[in-house]
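**Q** You'll find work-v6.cif just under this line, and it carries mmCIF, C-alpha atoms (C1' of nucleotides).
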```cif
data_structure
#
loop_
_atom_site.label_atom_id
_atom_site.label_comp_id
_atom_site.auth_asym_id
_atom_site.auth_seq_id
_atom_site.Cartn_x
_atom_site.Cartn_y
_atom_site.Cartn_z
CA MET A 37 9.99 84.03 79.80
CA ILE A 38 8.88 86.09 76.85
CA THR A 39 6.03 84.62 74.87
CA ASN A 40 3.20 85.45 72.55
CA SER A 41 1.24 82.40 73.57
CA ARG A 42 -1.71 84.38 74.88
CA VAL A 43 -2.21 86.29 71.73
CA ALA A 44 -1.34 83.37 69.47
CA TYR A 45 -4.32 81.39 70.66
CA GLN A 46 -6.93 84.10 70.47
CA GLN A 47 -8.68 86.21 67.98
CA HIS A 48 -7.22 89.64 67.90
CA ASP A 49 -6.42 92.49 65.63
CA HIS A 50 -4.12 90.93 63.06
CA LEU A 51 -3.76 94.14 61.18
CA ARG A 52 -2.29 95.72 64.27
CA CYS A 53 0.29 92.93 64.55
CA GLN A 54 1.08 93.28 60.91
CA ASN A 55 1.63 96.99 61.15
CA ALA A 56 3.72 96.71 64.26
CA ALA A 57 5.87 94.05 62.63
CA LEU A 58 6.28 96.12 59.53
CA GLN A 59 7.31 99.12 61.55
CA GLN A 60 9.88 97.11 63.45
CA ALA A 61 11.18 95.72 60.20
CA ARG A 62 11.62 99.15 58.70
CA THR A 63 13.48 100.36 61.74
CA LEU A 64 15.71 97.31 61.74
CA CYS A 65 16.50 97.64 58.05
CA VAL A 66 17.50 101.24 58.46
CA ARG A 67 19.75 100.33 61.34
CA GLU A 68 21.33 97.48 59.41
CA LYS A 69 21.60 99.55 56.26
CA VAL A 70 19.76 97.00 54.14
CA ARG A 71 16.79 97.46 51.89
CA LEU A 72 13.26 96.41 52.69
CA THR A 73 12.16 96.25 49.07
CA PRO A 74 8.51 95.99 48.01
CA ILE A 75 8.83 92.26 47.49
CA ARG A 76 10.40 91.69 50.86
CA GLU A 77 7.82 93.86 52.53
CA ALA A 78 5.00 92.06 50.76
CA VAL A 79 6.36 88.69 51.88
CA LEU A 80 6.68 89.85 55.46
CA CYS A 81 3.15 91.26 55.45
CA MET A 82 1.69 88.10 53.99
CA ILE A 83 3.40 86.02 56.62
CA TRP A 84 1.99 88.20 59.35
CA GLN A 85 -1.45 88.17 57.79
CA SER A 86 -1.57 84.43 58.06
CA HIS A 87 -0.54 84.57 61.65
CA ARG A 88 0.41 80.94 61.62
CA PRO A 89 3.21 79.06 59.95
CA LEU A 90 2.83 79.48 56.20
CA GLY A 91 4.45 77.22 53.62
CA ALA A 92 6.50 78.83 50.89
CA TYR A 93 4.16 77.74 48.13
CA LYS A 94 1.04 78.90 49.92
CA LEU A 95 2.86 82.17 50.33
CA ILE A 96 3.58 82.22 46.61
CA ASP A 97 -0.06 81.58 45.77
CA GLN A 98 -1.34 84.26 48.09
CA LEU A 99 1.20 86.81 46.98
CA SER A 100 0.43 86.05 43.36
CA GLU A 101 -3.25 86.54 43.95
CA ALA A 102 -2.80 89.69 45.98
CA GLY A 103 -0.25 91.23 43.67
CA GLY A 104 -1.97 90.36 40.41
CA LYS A 105 1.27 89.02 39.04
CA ARG A 106 2.61 85.49 39.32
CA MET A 107 5.44 85.30 41.79
CA LEU A 108 7.99 82.56 41.27
CA PRO A 109 9.75 80.38 43.84
CA PRO A 110 13.21 81.94 43.67
CA THR A 111 11.80 85.38 44.22
CA VAL A 112 9.97 84.34 47.33
CA TYR A 113 12.75 82.17 48.69
CA ARG A 114 15.18 85.03 48.31
CA ALA A 115 12.91 87.32 50.27
CA LEU A 116 12.49 84.62 52.90
CA ASP A 117 16.26 84.23 53.21
CA PHE A 118 16.60 87.95 53.66
CA LEU A 119 13.97 88.06 56.38
CA LEU A 120 15.38 85.00 58.10
CA GLY A 121 18.80 86.58 58.11
CA LEU A 122 17.49 89.60 59.94
CA GLY A 123 15.54 87.48 62.38
CA LEU A 124 12.27 88.99 61.24
CA ILE A 125 10.80 85.58 60.56
CA HIS A 126 11.51 82.03 61.65
CA ARG A 127 11.43 78.77 59.78
CA ILE A 128 9.63 75.90 61.50
CA ALA A 129 11.57 72.89 60.29
CA THR A 130 9.00 70.32 61.30
CA LEU A 131 6.43 72.08 59.15
CA ASN A 132 8.55 73.49 56.35
CA ALA A 133 6.85 76.75 57.07
CA PHE A 134 7.60 80.30 58.04
CA ILE A 135 6.23 82.56 60.73
CA GLY A 136 6.78 86.13 61.82
CA CYS A 137 8.99 86.71 64.82
CA PRO A 138 7.11 88.74 67.42
CA PHE A 139 10.26 90.06 69.06
CA PRO A 140 12.97 90.48 66.45
CA GLY A 141 16.13 92.12 67.59
CA SER A 142 16.00 90.78 71.11
CA PRO A 143 18.46 87.90 71.23
CA HIS A 144 16.48 84.86 72.20
CA SER A 145 16.37 81.15 71.84
CA ASP A 146 12.97 80.11 70.71
CA VAL A 147 10.62 77.39 71.71
CA PHE A 148 7.74 76.89 69.32
CA LEU A 149 4.54 75.30 70.49
CA VAL A 150 2.98 74.01 67.29
CA CYS A 151 -0.60 72.81 67.38
CA ARG A 152 -1.21 69.69 65.33
CA LEU A 153 -4.87 70.58 64.80
CA CYS A 154 -5.21 74.31 64.24
CA GLY A 155 -1.67 74.90 63.06
CA SER A 156 -0.97 77.76 65.44
CA ALA A 157 2.59 78.25 66.59
CA ALA A 158 3.29 80.19 69.75
CA GLU A 159 6.81 81.37 70.29
CA CYS A 160 8.36 81.37 73.74
CA SER A 161 11.75 82.57 74.76
CA VAL A 162 12.60 80.58 77.85
CA ASP A 163 15.79 81.06 79.77
CA THR A 164 15.64 77.66 81.43
CA VAL A 165 15.41 75.84 78.12
CA ASN A 166 18.12 77.94 76.63
CA SER A 167 20.56 77.56 79.48
CA ALA A 168 19.93 73.82 79.65
CA ILE A 169 20.76 73.52 75.97
CA VAL A 170 23.85 75.67 76.31
CA ALA A 171 25.04 73.56 79.23
CA THR A 172 24.42 70.37 77.29
CA ALA A 173 26.39 71.60 74.31
CA GLN A 174 29.19 72.74 76.54
CA ARG A 175 29.51 69.38 78.21
CA ALA A 176 29.75 67.76 74.80
CA GLY A 177 32.25 70.34 73.59
CA PHE A 178 29.81 71.44 70.95
CA GLN A 179 29.77 74.99 69.65
CA ILE A 180 26.23 76.21 69.06
CA GLU A 181 25.41 78.25 65.98
CA SER A 182 21.65 77.94 65.87
CA GLN A 183 18.91 75.89 67.38
CA ALA A 184 15.40 74.71 66.71
CA VAL A 185 13.15 73.72 69.56
CA GLU A 186 9.81 72.65 68.17
CA VAL A 187 7.15 71.11 70.33
CA THR A 188 4.17 69.53 68.61
CA GLY A 189 0.88 68.82 70.33
CA LEU A 190 -2.41 70.47 71.16
CA CYS A 191 -2.87 74.13 71.95
CA PRO A 192 -5.17 75.11 74.84
CA LEU A 193 -8.13 75.69 72.54
CA CYS A 194 -7.87 72.49 70.49
CA ARG A 195 -7.19 70.49 73.60
CA ASP A 196 -10.55 71.54 75.01
CA GLY A 197 -12.22 70.48 71.81
CA SER A 198 -13.13 74.00 70.82
CA MET N 9 22.07 62.88 81.06
CA ILE N 10 22.27 60.00 78.64
CA THR N 11 24.26 60.66 75.52
CA ASN N 12 26.21 59.03 72.78
CA SER N 13 28.26 62.15 72.15
CA ARG N 14 31.55 60.46 72.95
CA VAL N 15 31.08 57.68 70.53
CA ALA N 16 29.40 59.84 67.92
CA TYR N 17 32.50 61.93 67.43
CA GLN N 18 35.02 59.14 67.21
CA GLN N 19 35.94 56.29 65.02
CA HIS N 20 34.72 53.06 66.46
CA ASP N 21 33.35 49.69 65.52
CA HIS N 22 30.29 50.55 63.50
CA LEU N 23 29.47 46.93 62.91
CA ARG N 24 29.17 46.46 66.62
CA CYS N 25 26.70 49.34 66.89
CA GLN N 26 24.77 47.99 63.99
CA ASN N 27 24.46 44.54 65.48
CA ALA N 28 23.49 45.84 68.86
CA ALA N 29 20.82 48.02 67.31
CA LEU N 30 19.52 45.13 65.28
CA GLN N 31 19.30 42.94 68.32
CA GLN N 32 17.41 45.60 70.24
CA ALA N 33 15.08 46.03 67.31
CA ARG N 34 14.30 42.33 67.16
CA THR N 35 13.55 42.21 70.85
CA LEU N 36 11.33 45.26 70.66
CA CYS N 37 9.40 43.90 67.69
CA VAL N 38 8.71 40.65 69.47
CA ARG N 39 7.50 42.53 72.49
CA GLU N 40 5.28 44.79 70.40
CA LYS N 41 4.06 41.88 68.28
CA VAL N 42 5.04 43.56 65.02
CA ARG N 43 7.14 42.23 62.19
CA LEU N 44 10.69 43.23 61.47
CA THR N 45 10.56 42.24 57.81
CA PRO N 46 13.68 41.97 55.63
CA ILE N 47 13.08 45.37 54.12
CA ARG N 48 12.66 47.04 57.47
CA GLU N 49 15.72 45.32 58.79
CA ALA N 50 17.73 46.35 55.76
CA VAL N 51 16.69 49.96 56.18
CA LEU N 52 17.58 49.95 59.85
CA CYS N 53 20.97 48.40 59.13
CA MET N 54 21.76 50.88 56.42
CA ILE N 55 20.90 53.76 58.70
CA TRP N 56 23.21 52.41 61.35
CA GLN N 57 25.96 51.78 58.84
CA SER N 58 25.98 55.42 57.90
CA HIS N 59 26.20 56.44 61.50
CA ARG N 60 25.14 59.92 60.69
CA PRO N 61 21.87 61.38 59.53
CA LEU N 62 21.02 59.86 56.18
CA GLY N 63 18.55 61.36 53.71
CA ALA N 64 15.80 59.14 52.39
CA TYR N 65 17.07 59.21 48.83
CA LYS N 66 20.65 58.48 49.79
CA LEU N 67 19.22 55.58 51.71
CA ILE N 68 17.34 54.45 48.63
CA ASP N 69 20.48 54.61 46.51
CA GLN N 70 22.56 52.69 48.98
CA LEU N 71 19.93 50.05 49.56
CA SER N 72 19.45 49.66 45.84
CA GLU N 73 23.15 49.16 45.33
CA ALA N 74 23.53 46.80 48.25
CA GLY N 75 20.45 44.76 47.44
CA GLY N 76 21.02 44.55 43.71
CA LYS N 77 17.45 45.60 43.12
CA ARG N 78 16.09 49.10 42.73
CA MET N 79 14.19 50.16 45.81
CA LEU N 80 11.45 52.72 45.34
CA PRO N 81 10.56 55.69 47.55
CA PRO N 82 7.30 54.35 48.99
CA THR N 83 8.98 51.15 50.06
CA VAL N 84 11.64 52.99 51.98
CA TYR N 85 9.35 55.61 53.43
CA ARG N 86 7.06 52.90 54.71
CA ALA N 87 9.93 51.19 56.43
CA LEU N 88 11.06 54.51 57.86
CA ASP N 89 7.58 55.20 59.22
CA PHE N 90 7.55 51.81 60.84
CA LEU N 91 10.92 52.36 62.49
CA LEU N 92 10.01 55.87 63.57
CA GLY N 93 6.84 54.57 65.14
CA LEU N 94 8.82 52.16 67.27
CA GLY N 95 11.36 54.79 68.20
CA LEU N 96 14.16 52.82 66.58
CA ILE N 97 15.16 55.79 64.50
CA HIS N 98 14.69 59.52 64.64
CA ARG N 99 14.04 62.07 61.97
CA ILE N 100 16.14 65.21 62.07
CA ALA N 101 13.77 67.83 60.73
CA THR N 102 16.41 70.45 60.04
CA LEU N 103 18.24 68.00 57.78
CA ASN N 104 15.40 65.94 56.35
CA ALA N 105 17.38 62.94 57.43
CA PHE N 106 17.15 59.88 59.61
CA ILE N 107 19.41 58.45 62.26
CA GLY N 108 19.40 55.40 64.49
CA CYS N 109 18.31 55.84 68.07
CA PRO N 110 21.03 54.58 70.41
CA PHE N 111 18.62 54.00 73.29
CA PRO N 112 15.26 52.97 71.95
CA GLY N 113 12.67 51.93 74.45
CA SER N 114 13.90 54.25 77.18
CA PRO N 115 11.48 57.15 77.20
CA HIS N 116 13.53 60.22 76.56
CA SER N 117 13.35 63.64 75.08
CA ASP N 118 16.14 64.10 72.66
CA VAL N 119 18.57 66.87 72.00
CA PHE N 120 20.51 66.48 68.78
CA LEU N 121 23.83 68.18 68.34
CA VAL N 122 24.20 68.36 64.58
CA CYS N 123 27.57 69.35 63.16
CA ARG N 124 27.33 71.67 60.20
CA LEU N 125 30.66 70.47 58.81
CA CYS N 126 30.98 66.73 59.31
CA GLY N 127 27.27 66.01 59.54
CA SER N 128 27.53 64.03 62.76
CA ALA N 129 24.55 64.10 65.09
CA ALA N 130 25.01 63.22 68.73
CA GLU N 131 21.91 62.45 70.69
CA CYS N 132 21.55 63.58 74.28
CA SER N 133 18.75 62.90 76.64
CA VAL N 134 18.83 65.75 79.11
CA ASP N 135 16.48 66.06 82.02
CA THR N 136 17.00 69.77 82.45
CA VAL N 137 16.04 70.50 78.85
CA ASN N 138 13.11 68.20 79.02
CA SER N 139 11.68 69.54 82.25
CA ALA N 140 12.16 73.12 81.09
CA ILE N 141 10.17 72.35 77.95
CA VAL N 142 7.47 70.57 79.89
CA ALA N 143 7.17 73.51 82.27
CA THR N 144 6.97 75.92 79.38
CA ALA N 145 4.22 73.96 77.71
CA GLN N 146 2.34 73.68 80.94
CA ARG N 147 2.38 77.38 81.54
CA ALA N 148 0.97 77.92 78.06
CA GLY N 149 -1.65 75.21 78.55
CA PHE N 150 -0.12 73.26 75.71
CA GLN N 151 -0.31 69.48 75.60
CA ILE N 152 2.92 67.97 74.29
CA GLU N 153 2.83 65.07 71.87
CA SER N 154 6.32 65.16 70.47
CA GLN N 155 9.28 67.44 70.32
CA ALA N 156 12.33 68.18 68.25
CA VAL N 157 15.33 69.85 69.79
CA GLU N 158 17.97 70.29 67.15
CA VAL N 159 21.12 72.28 67.78
CA THR N 160 23.30 73.11 64.81
CA GLY N 161 26.92 74.12 65.08
CA LEU N 162 30.38 72.62 65.28
CA CYS N 163 31.25 69.33 66.94
CA PRO N 164 34.41 69.13 69.07
CA LEU N 165 36.47 67.72 66.22
CA CYS N 166 35.44 70.17 63.53
CA ARG N 167 35.70 73.05 65.92
CA ASP N 168 39.37 72.29 66.44
CA GLY N 169 39.87 72.27 62.72
CA SER N 170 40.59 68.55 62.55
"C1'" DC V 80 -5.95 22.65 55.68
"C1'" DC V 81 -8.76 26.37 53.57
"C1'" DA V 82 -11.05 30.70 53.27
"C1'" DA V 83 -11.17 35.28 54.99
"C1'" DT V 84 -8.79 39.08 56.59
"C1'" DT V 85 -5.08 41.82 57.64
"C1'" DT V 86 -0.59 43.34 56.66
"C1'" DG V 87 3.19 44.25 53.73
"C1'" DT V 88 5.23 45.17 49.04
"C1'" DG V 89 5.60 46.66 43.86
"C1'" DC V 90 4.72 50.13 40.94
"C1'" DA V 91 3.41 54.39 38.47
"C1'" DA V 92 2.38 58.67 38.83
"C1'" DC V 93 2.54 62.91 41.14
"C1'" DA V 94 2.78 66.60 44.84
"C1'" DA V 95 5.45 69.67 47.66
"C1'" DT V 96 9.61 71.96 48.80
"C1'" DA V 97 13.83 74.16 47.38
"C1'" DT V 98 17.82 75.54 44.43
"C1'" DA V 99 21.01 76.46 40.24
"C1'" DA V 100 22.38 79.22 36.62
"C1'" DC V 101 22.24 83.09 34.04
"C1'" DA V 102 19.98 87.26 32.03
"C1'" DT V 103 18.12 91.68 33.17
"C1'" DT V 104 16.88 95.52 35.91
"C1'" DT V 105 17.27 98.76 39.67
"C1'" DC V 106 19.79 101.43 42.86
"C1'" DA V 107 23.44 104.07 45.15
"C1'" DT V 108 27.49 106.45 44.28
"C1'" DC V 109 30.87 108.73 41.84
"C1'" DG Y 75 25.32 109.67 32.96
"C1'" DA Y 76 28.79 105.81 33.85
"C1'" DT Y 77 29.72 102.12 36.95
"C1'" DG Y 78 29.52 98.39 40.12
"C1'" DA Y 79 26.70 96.11 43.51
"C1'" DA Y 80 22.38 94.48 44.82
"C1'" DA Y 81 17.96 92.80 43.59
"C1'" DT Y 82 14.78 90.62 40.51
"C1'" DG Y 83 13.11 87.82 36.33
"C1'" DT Y 84 13.15 83.45 34.08
"C1'" DT Y 85 13.86 78.74 32.92
"C1'" DA Y 86 14.94 74.65 34.36
"C1'" DT Y 87 15.92 71.22 37.63
"C1'" DA Y 88 16.97 69.03 42.13
"C1'" DT Y 89 15.29 67.10 46.41
"C1'" DT Y 90 11.94 65.25 49.45
"C1'" DG Y 91 7.69 62.96 50.26
"C1'" DT Y 92 2.80 61.02 49.04
"C1'" DT Y 93 -1.33 58.76 46.76
"C1'" DG Y 94 -3.71 55.04 44.89
"C1'" DC Y 95 -4.17 50.72 43.44
"C1'" DA Y 96 -2.79 45.96 42.36
"C1'" DC Y 97 -0.64 42.02 44.10
"C1'" DA Y 98 1.63 38.95 47.50
"C1'" DA Y 99 2.49 37.14 51.99
"C1'" DA Y 100 1.33 36.26 56.52
"C1'" DT Y 101 -2.13 35.67 60.20
"C1'" DT Y 102 -6.46 34.31 61.98
"C1'" DG Y 103 -10.49 31.61 62.65
"C1'" DG Y 104 -13.05 28.00 61.39
#
```
Any chance you could put this one into C-alpha cells?
**A**
Amino acid sequence: MITNSRVAYQQHDHLRCQNAALQQARTLCVREKVRLTPIREAVLCMIWQSHRPLGAYKLIDQLSEAGGKRMLPPTVYRALDFLLGLGLIHRIATLNAFIGCPFPGSPHSDVFLVCRLCGSAAECSVDTVNSAIVATAQRAGFQIESQAVEVTGLCPLCRDGS
Amino acid sequence: MITNSRVAYQQHDHLRCQNAALQQARTLCVREKVRLTPIREAVLCMIWQSHRPLGAYKLIDQLSEAGGKRMLPPTVYRALDFLLGLGLIHRIATLNAFIGCPFPGSPHSDVFLVCRLCGSAAECSVDTVNSAIVATAQRAGFQIESQAVEVTGLCPLCRDGS
DNA sequence: CCAATTTGTGCAACAATATAACATTTCATC
DNA sequence: GATGAAATGTTATATTGTTGCACAAATTGG
C-alpha cells in the first residue's frame, strides 16, 4: 500500500510538498511535451497550498486574490482539466473538490479517506481494493476506464476529539 | 457477491421491479415508523421507472409532467433525502444522479458499475472490496461512516458495440 | 374531540458548481 | 514575419442544490 495518510493528518512543511509537486509536474510536462503555463502552475500550487480538497470557486477566489486579477471560471476549469488529464490532481466527486496527487505518474487506483470534520483527504493506493474491483468488473463483463473510491468518516485526529 | 448486474444490462419487466421496490419501501417505512407520503412514493417510483441513474432535475421534469403539477426543487430534494436516509435509493456522486437500491435493508457496501455510454449502473455488493476498504481505513486509523465506490467504463453490451 | 406539537409541503429567492460559444492572444515552427 | 495550433479572455448560461419562511397535515397528549 502506498499512502500519504501519515502526512495528511499532521502539520508539516506544506511549502516543501508544494515545491516537490511542482517539480514533479514540470518533469512530467516535459516528458509529455505539454506546457505547464503560468495559469496551470498557479492552479496547481494553490491546490497544494490548501493541502485539502479545494472547491473550484474557492480556488478562483484565492487565485484572484493572490494574482491581483480576477480569474474566471472557464480559465480555472480549463487548468483543472489539464492537471486532471496528467494525473497531477484528483477530483473528489463526493465533495466537488480537487486535491493534489502525491504520487503522479505511478499507475494507481486511489482510495480517498475524506474526513467529514476537518476536510482532510488522505490518498491510499491499495492493491487489495484495486484487485477486488477489477475482479468484480470482470465477473460482470464490465470494462473499467476510471474509478472513484471515496470513504467518508472521521480521520484519526477528529475521531479523538482533537 | 450480491449484484443486479444481470438484470441491469437487459430488458426486463420494469414495472415488476418498481412494484417490488415499492412494496419493500412500504414495509421498511412501517418498521421504521416513518411516513411514505405520496410525494415520496412518487419520487421512488419515478426513480425505479427510469432504471438508471436519474438527475434531480430530470426527475423534477418527469414528476411534473406525470403529476400534472409543477414540482419544485426543494420538494424533490426533500423526498430524495428521505429515501437516501432509509437506503431505498443511492446517490451516484460522479453523475449527480440517483438510483433505486435493489436490496435495501441488507447492510452492504456498494460498488457501482456505471456505463459511460448507455448510462446504466449495476450495483454490486462485494465482500472483498468491502473488507479491503475496511482494512485500509483501519490501518490509517480512519473511522468509516459511508463510502462511494464508483467505477466508470463500458458495460458488457456497449463494449460489444451493441 | 381539541389544543399543542411535530412533521411535511409550497414557494420564492438564491447559492454553488460547471459549461458553451466565440473573440483574442500567445507560442512554436516554418 | 507568416501561419496554424494551443491557450486564454469574456460574456452568458446551464446544471445542481440550499435557505428561510409560511402554511397545511398528521400525531400526540390531555
**Q** Out of V:DC81, V:DA107, V:DA95, V:DA102, which residue has the shortest atom-to-atom distance to chain A when counting only C-alpha atoms (C1' of nucleotides)?
**A**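 Ranking V:DC81, V:DA107, V:DA95, V:DA102 by distance to chain A, first place goes to V:DA95.
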**Q** Set out as CSV a contact list for chain A and chain N with a cut-off of 8 Å, giving each residue of chain A that qualifies its closest atom pair and distance in Å to one decimal, counting all atoms listed in the file, ordered by chain and rising residue number.
**A**
```
residue,atom,partner,partner_atom,distance
A:Ser41,CA,N:Ala148,CA,6.3
A:Arg42,CA,N:Ala148,CA,7.7
A:Ala129,CA,N:Thr102,CA,5.4
A:Thr130,CA,N:Ala101,CA,5.4
A:Leu149,CA,N:Phe150,CA,7.3
A:Cys160,CA,N:Thr144,CA,8.0
A:Val162,CA,N:Thr144,CA,7.5
A:Thr164,CA,N:Ala140,CA,5.7
A:Val165,CA,N:Ala140,CA,5.2
A:Ala168,CA,N:Val137,CA,5.2
A:Ile169,CA,N:Val137,CA,6.3
A:Thr172,CA,N:Val134,CA,7.5
A:Ala173,CA,N:Leu121,CA,7.3
A:Ala176,CA,N:Ser13,CA,6.4
A:Gly177,CA,N:Pro164,CA,5.2
A:Phe178,CA,N:Cys163,CA,4.8
A:Gln179,CA,N:Leu162,CA,5.0
A:Ile180,CA,N:Gly161,CA,4.5
A:Glu181,CA,N:Gly161,CA,4.5
A:Ser182,CA,N:Thr160,CA,5.2
A:Gln183,CA,N:Val159,CA,4.3
A:Ala184,CA,N:Glu158,CA,5.1
A:Val185,CA,N:Val157,CA,4.4
A:Glu186,CA,N:Ala156,CA,5.1
A:Val187,CA,N:Gln155,CA,4.2
A:Thr188,CA,N:Ser154,CA,5.2
A:Gly189,CA,N:Glu153,CA,4.5
A:Leu190,CA,N:Gln151,CA,5.0
A:Cys191,CA,N:Phe150,CA,4.7
A:Pro192,CA,N:Gly149,CA,5.1
A:Arg195,CA,N:Gln151,CA,7.2
```
**Q** At a cut-off of 9 Å, which residues of chain A touch chain Y? Count all atoms listed in the file and give the answer as a short mmCIF file (atom, residue, chain, number, x, y, z; two decimals) with C-alpha atoms, in the coordinates of the input.
**A**
```
data_model
loop_
_atom_site.label_atom_id
_atom_site.label_comp_id
_atom_site.auth_asym_id
_atom_site.auth_seq_id
_atom_site.Cartn_x
_atom_site.Cartn_y
_atom_site.Cartn_z
CA THR A 73 12.16 96.25 49.07
CA LEU A 108 7.99 82.56 41.27
CA THR A 111 11.80 85.38 44.22
#
```
**Q** Can I get the residues of stretch 101-197 of chain A within 12 Å of stretch 57-66 of chain A, each with the closest pair of atoms and their distance in Å to one decimal, using all atoms listed in the file, sorted chain first then ascending number, as a tab-separated table?
**A**
```
residue	atom	partner	partner_atom	distance
A:Phe118	CA	A:Cys65	CA	10.6
A:Leu119	CA	A:Ala61	CA	9.0
A:Leu120	CA	A:Ala61	CA	11.7
A:Gly121	CA	A:Cys65	CA	11.3
A:Leu122	CA	A:Leu64	CA	8.1
A:Gly123	CA	A:Ala61	CA	9.6
A:Leu124	CA	A:Ala61	CA	6.9
A:Ile125	CA	A:Ala57	CA	10.0
A:Ile135	CA	A:Ala57	CA	11.7
A:Gly136	CA	A:Ala57	CA	8.0
A:Cys137	CA	A:Ala57	CA	8.3
A:Pro138	CA	A:Ala57	CA	7.3
A:Phe139	CA	A:Ala57	CA	8.7
A:Pro140	CA	A:Gln60	CA	7.9
A:Gly141	CA	A:Leu64	CA	7.8
A:Ser142	CA	A:Leu64	CA	11.4
```
**Q** Apply the PyMOL selection byres ((chain V) within 12 of (chain A)) to the file shown and report the selected residues as a ChimeraX atom specification.
**A** /V:94-100,105-107
**Q** For the atom pair atom CA of A:Asn55 and atom CA of A:Gly103, what is the interatomic distance in Å to one decimal place?
**A**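 Distance between the two atoms: 18.5 Å.
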**Q** Record the distance separating atom CA of N:Val51 and atom CA of N:Gln18, expressed in Å with one decimal.
**A** 23.3 Å
**Q** Find the residues around A:Gln54 up to 7 Å (only C-alpha atoms (C1' of nucleotides) counted), leave out those fewer than 3 positions away in its own chain, and share them as a list in words.
**A** His50, Leu51, Ala57, Leu58, Cys81, Trp84 and Gln85 of chain A
**Q** If you measure from atom CA of N:Asp118 to atom CA of N:Ile10, what distance in Å do you get, rounded to one decimal?
**A** 9.5 Å
